Amino acid sequence: LYYQDWYNDFIRVKPQAIAGIFPIGDNQNLLAEVLLVSLFFTLALKFWHKTELSKKIINLLIIFSGLALIGTFSRAAWLALVIQVVLYLIYKKSLFKKILLPVMLVILMLTPIFYYMYNLQSEYSIGGSSTENRIVLTQIALQGFLEKPWFGQGSGNYINLVANITKNIETPLVL
């Protein structure tokens with residue numbers, strides 16, 4: 001969040017470069033994928049540690065990772081996080097009653113972020129353009145499959161299919 005343009009840019013949690021290199025990529029969706037996996041690996045660490053201090057530190061790491069994950073504003077990450085939390089609560093039935101009130105409070109506190117995300121996806125072209133791109137790329141893949149249904153286009157040729165399609169269009173697609 002520190003290096004972003006708070007006035008002109010959409011603010012979200014993004015990966016940070018280390019010595020000019022982005023180890024996990026420069027896209028917030030890539031960060032969300034890493035955080036989704038690491039969130040529950042961190043939760044697994046909690047069961048290996050016995051001291052209360054280490055469990056509290058791990059809980060803080062889980063909360064920090066969860067907030068960073070929500071701050072990426074990745075739709076897929078939000079859905080996966082909700083599914084993971086629900087499955088965890090089903091697995092830990094004793095926690096269900098203990099966690100129900102805090103979860104409701106967290107949902108209440110996150111409601112402005114959910115509202116902001118909804119408005120962002122519905123009023124601006126950010127969500128629409130990515131959906132349109134997915135539709136176009138799916139159509140290109142389907143066209144490639146229909147051209148060679150038995151053996152396919154070959155490994156690694158999808159990028160060439162997209163490149164050939166965009167060369168034939170006067171105004172290139174936004175990919």
# chains A, B, ... in the order shown; residues from 1 in each chain; ligands from 1
call {"tool": "closest_atom_pairs", "arguments": {"of": "stretch 9-91 of chain A", "to": "stretch 105-121 of chain A", "cutoff": "9 Å", "atoms": "only C-alpha atoms", "output": "tab-separated table"}}
result
residue	atom	partner	partner_atom	distance
A:Ile70	CA	A:Ile113	CA	8.8
A:Gly71	CA	A:Ile113	CA	8.8
A:Phe73	CA	A:Met117	CA	7.1
A:Arg75	CA	A:Met117	CA	8.9
call {"tool": "write_last_selection", "arguments": {"atoms": "all heavy atoms", "output": "PDB file, in the first residue's frame"}}
result
ATOM      1  N   ILE A  70      -7.995  -9.913   1.626  1.00  0.00           N
ATOM      2  CA  ILE A  70      -9.204  -9.142   1.333  1.00  0.00           C
ATOM      3  C   ILE A  70      -8.832  -7.837   0.629  1.00  0.00           C
ATOM      4  O   ILE A  70      -9.529  -7.388  -0.276  1.00  0.00           O
ATOM      5  CB  ILE A  70     -10.001  -8.896   2.625  1.00  0.00           C
ATOM      6  CG1 ILE A  70     -10.601 -10.212   3.122  1.00  0.00           C
ATOM      7  CG2 ILE A  70     -11.104  -7.863   2.414  1.00  0.00           C
ATOM      8  CD1 ILE A  70     -11.200 -10.155   4.496  1.00  0.00           C
ATOM      9  N   GLY A  71      -7.709  -7.244   1.035  1.00  0.00           N
ATOM     10  CA  GLY A  71      -7.270  -5.982   0.447  1.00  0.00           C
ATOM     11  C   GLY A  71      -6.792  -6.082  -0.985  1.00  0.00           C
ATOM     12  O   GLY A  71      -6.630  -5.058  -1.659  1.00  0.00           O
ATOM     13  N   PHE A  73      -8.592  -7.268  -3.298  1.00  0.00           N
ATOM     14  CA  PHE A  73      -9.824  -7.101  -4.067  1.00  0.00           C
ATOM     15  C   PHE A  73      -9.901  -8.078  -5.232  1.00  0.00           C
ATOM     16  O   PHE A  73     -10.385  -7.750  -6.304  1.00  0.00           O
ATOM     17  CB  PHE A  73      -9.992  -5.656  -4.556  1.00  0.00           C
ATOM     18  CG  PHE A  73     -10.379  -4.714  -3.467  1.00  0.00           C
ATOM     19  CD1 PHE A  73      -9.419  -4.022  -2.764  1.00  0.00           C
ATOM     20  CD2 PHE A  73     -11.707  -4.533  -3.133  1.00  0.00           C
ATOM     21  CE1 PHE A  73      -9.765  -3.157  -1.751  1.00  0.00           C
ATOM     22  CE2 PHE A  73     -12.067  -3.667  -2.116  1.00  0.00           C
ATOM     23  CZ  PHE A  73     -11.102  -2.979  -1.422  1.00  0.00           C
ATOM     24  N   ARG A  75     -11.684 -11.132  -6.767  1.00  0.00           N
ATOM     25  CA  ARG A  75     -12.982 -11.809  -6.618  1.00  0.00           C
ATOM     26  C   ARG A  75     -12.801 -13.295  -6.337  1.00  0.00           C
ATOM     27  O   ARG A  75     -13.450 -13.859  -5.454  1.00  0.00           O
ATOM     28  CB  ARG A  75     -13.824 -11.632  -7.881  1.00  0.00           C
ATOM     29  CG  ARG A  75     -14.244 -10.215  -8.144  1.00  0.00           C
ATOM     30  CD  ARG A  75     -14.882 -10.094  -9.492  1.00  0.00           C
ATOM     31  NE  ARG A  75     -13.842 -10.235 -10.513  1.00  0.00           N
ATOM     32  CZ  ARG A  75     -14.033 -10.095 -11.793  1.00  0.00           C
ATOM     33  NH1 ARG A  75     -15.227  -9.816 -12.245  1.00  0.00           N
ATOM     34  NH2 ARG A  75     -13.052 -10.228 -12.648  1.00  0.00           N
TER      35      ARG A  75
END
call {"tool": "residues_around", "arguments": {"residues": "stretch 134-146 of chain A", "least_positions_apart": "4", "cutoff": "8 Å", "atoms": "only C-alpha atoms", "output": "PyMOL selection string"}}
result
chain A and resi 130+152-153+158+161-162+165
call {"tool": "write_last_selection", "arguments": {"atoms": "N, CA and C atoms", "output": "PDB file, in the first residue's frame"}}
result
ATOM      1  N   SER A 130     -12.359  -7.387 -17.717  1.00  0.00           N
ATOM      2  CA  SER A 130     -11.718  -8.676 -17.486  1.00  0.00           C
ATOM      3  C   SER A 130     -12.653  -9.823 -17.864  1.00  0.00           C
ATOM      4  N   GLY A 152      -5.434 -31.523 -31.173  1.00  0.00           N
ATOM      5  CA  GLY A 152      -5.249 -30.170 -30.657  1.00  0.00           C
ATOM      6  C   GLY A 152      -4.227 -29.377 -31.437  1.00  0.00           C
ATOM      7  N   GLN A 153      -3.979 -28.176 -30.978  1.00  0.00           N
ATOM      8  CA  GLN A 153      -3.048 -27.270 -31.647  1.00  0.00           C
ATOM      9  C   GLN A 153      -1.594 -27.568 -31.284  1.00  0.00           C
ATOM     10  N   TYR A 158      -1.247 -21.954 -27.616  1.00  0.00           N
ATOM     11  CA  TYR A 158      -2.367 -21.070 -27.308  1.00  0.00           C
ATOM     12  C   TYR A 158      -1.955 -19.605 -27.463  1.00  0.00           C
ATOM     13  N   LEU A 161      -2.087 -18.760 -31.018  1.00  0.00           N
ATOM     14  CA  LEU A 161      -3.460 -18.585 -31.482  1.00  0.00           C
ATOM     15  C   LEU A 161      -3.962 -17.185 -31.145  1.00  0.00           C
ATOM     16  N   VAL A 162      -3.713 -16.747 -29.928  1.00  0.00           N
ATOM     17  CA  VAL A 162      -4.152 -15.410 -29.512  1.00  0.00           C
ATOM     18  C   VAL A 162      -3.418 -14.349 -30.325  1.00  0.00           C
ATOM     19  N   ILE A 165      -4.871 -14.161 -33.875  1.00  0.00           N
ATOM     20  CA  ILE A 165      -6.194 -13.535 -33.885  1.00  0.00           C
ATOM     21  C   ILE A 165      -6.046 -12.027 -33.745  1.00  0.00           C
TER      22      ILE A 165
END
call {"tool": "residues_around", "arguments": {"residues": "stretch 79-93 of chain A", "least_positions_apart": "2", "cutoff": "10 Å", "atoms": "only C-alpha atoms", "output": "number ranges by chain"}}
result
A: 32-33, 35-37, 39-40, 66, 69-70, 74-77, 95-100
call {"tool": "atom_distance", "arguments": {"atom1": "atom CA of A:Ile21", "atom2": "atom CA of A:Ile62"}}
result
25.8 Å
call {"tool": "residues_around", "arguments": {"residues": "A:Asn27", "least_positions_apart": "4", "cutoff": "12 Å", "atoms": "only C-alpha atoms", "output": "PyMOL selection string"}}
result
chain A and resi 12-17+22-23+31-34+72-74
call {"tool": "write_last_selection", "arguments": {"atoms": "N, CA, C and O atoms", "output": "tab-separated table (two decimals), in the first residue's frame"}}
result
chain	number	residue	atom	x	y	z
A	12	ARG	N	-5.23	-0.98	-3.70
A	12	ARG	CA	-5.38	-2.38	-3.33
A	12	ARG	C	-4.01	-2.90	-2.92
A	12	ARG	O	-3.00	-2.31	-3.24
A	13	VAL	N	-4.01	-4.00	-2.22
A	13	VAL	CA	-2.75	-4.62	-1.81
A	13	VAL	C	-2.12	-5.25	-3.05
A	13	VAL	O	-2.75	-6.04	-3.75
A	14	LYS	N	-0.87	-4.86	-3.33
A	14	LYS	CA	-0.16	-5.37	-4.50
A	14	LYS	C	1.19	-5.92	-4.06
A	14	LYS	O	1.74	-5.50	-3.04
A	15	PRO	N	1.77	-6.84	-4.83
A	15	PRO	CA	3.11	-7.34	-4.51
A	15	PRO	C	4.15	-6.23	-4.58
A	15	PRO	O	4.00	-5.28	-5.34
A	16	GLN	N	5.18	-6.38	-3.79
A	16	GLN	CA	6.24	-5.38	-3.74
A	16	GLN	C	7.52	-5.96	-4.35
A	16	GLN	O	7.83	-7.13	-4.17
A	17	ALA	N	8.25	-5.12	-5.04
A	17	ALA	CA	9.51	-5.55	-5.64
A	17	ALA	C	10.61	-5.59	-4.58
A	17	ALA	O	10.66	-4.75	-3.68
A	22	PHE	N	10.16	-8.82	-8.83
A	22	PHE	CA	8.92	-9.24	-8.22
A	22	PHE	C	8.95	-10.77	-8.11
A	22	PHE	O	8.72	-11.47	-9.09
A	23	PRO	N	9.23	-11.33	-6.92
A	23	PRO	CA	9.38	-12.78	-6.79
A	23	PRO	C	8.12	-13.57	-7.14
A	23	PRO	O	8.21	-14.67	-7.66
A	31	LEU	N	-0.57	-12.36	-5.87
A	31	LEU	CA	-0.40	-12.22	-4.43
A	31	LEU	C	-1.55	-12.90	-3.69
A	31	LEU	O	-1.33	-13.59	-2.69
A	32	ALA	N	-2.75	-12.75	-4.20
A	32	ALA	CA	-3.91	-13.39	-3.57
A	32	ALA	C	-3.79	-14.91	-3.58
A	32	ALA	O	-4.14	-15.58	-2.61
A	33	GLU	N	-3.28	-15.47	-4.67
A	33	GLU	CA	-3.11	-16.92	-4.75
A	33	GLU	C	-2.11	-17.41	-3.71
A	33	GLU	O	-2.33	-18.42	-3.05
A	34	VAL	N	-1.01	-16.69	-3.55
A	34	VAL	CA	-0.01	-17.06	-2.56
A	34	VAL	C	-0.58	-16.93	-1.15
A	34	VAL	O	-0.39	-17.80	-0.30
A	72	THR	N	-6.57	-7.30	-1.51
A	72	THR	CA	-6.20	-7.44	-2.91
A	72	THR	C	-7.39	-7.19	-3.84
A	72	THR	O	-7.20	-6.96	-5.03
A	73	PHE	N	-8.59	-7.27	-3.30
A	73	PHE	CA	-9.82	-7.10	-4.07
A	73	PHE	C	-9.90	-8.08	-5.23
A	73	PHE	O	-10.39	-7.75	-6.30
A	74	SER	N	-9.44	-9.29	-5.01
A	74	SER	CA	-9.52	-10.35	-6.01
A	74	SER	C	-10.82	-11.11	-5.77
A	74	SER	O	-11.03	-11.69	-4.70
call {"tool": "atom_distance", "arguments": {"atom1": "atom CA of A:Leu30", "atom2": "atom CA of A:Ile18"}}
result
15.7 Å
call {"tool": "select_by_dssp", "arguments": {"residues": "stretch 7-77 of chain A", "states": "alpha helix (DSSP H)", "output": "JSON, numbers by chain"}}
result
{"A": [28, 29, 30, 31, 32, 33, 34, 35, 36, 37, 38, 39, 40, 41, 42, 43, 44, 45, 46, 47, 48, 52, 53, 54, 55, 56, 57, 58, 59, 60, 61, 62, 63, 64, 65, 66, 67, 68, 69, 70, 71, 75, 76, 77]}
call {"tool": "atom_distance", "arguments": {"atom1": "atom CA of A:Lys56", "atom2": "atom CA of A:Thr42"}}
result
11.9 Å
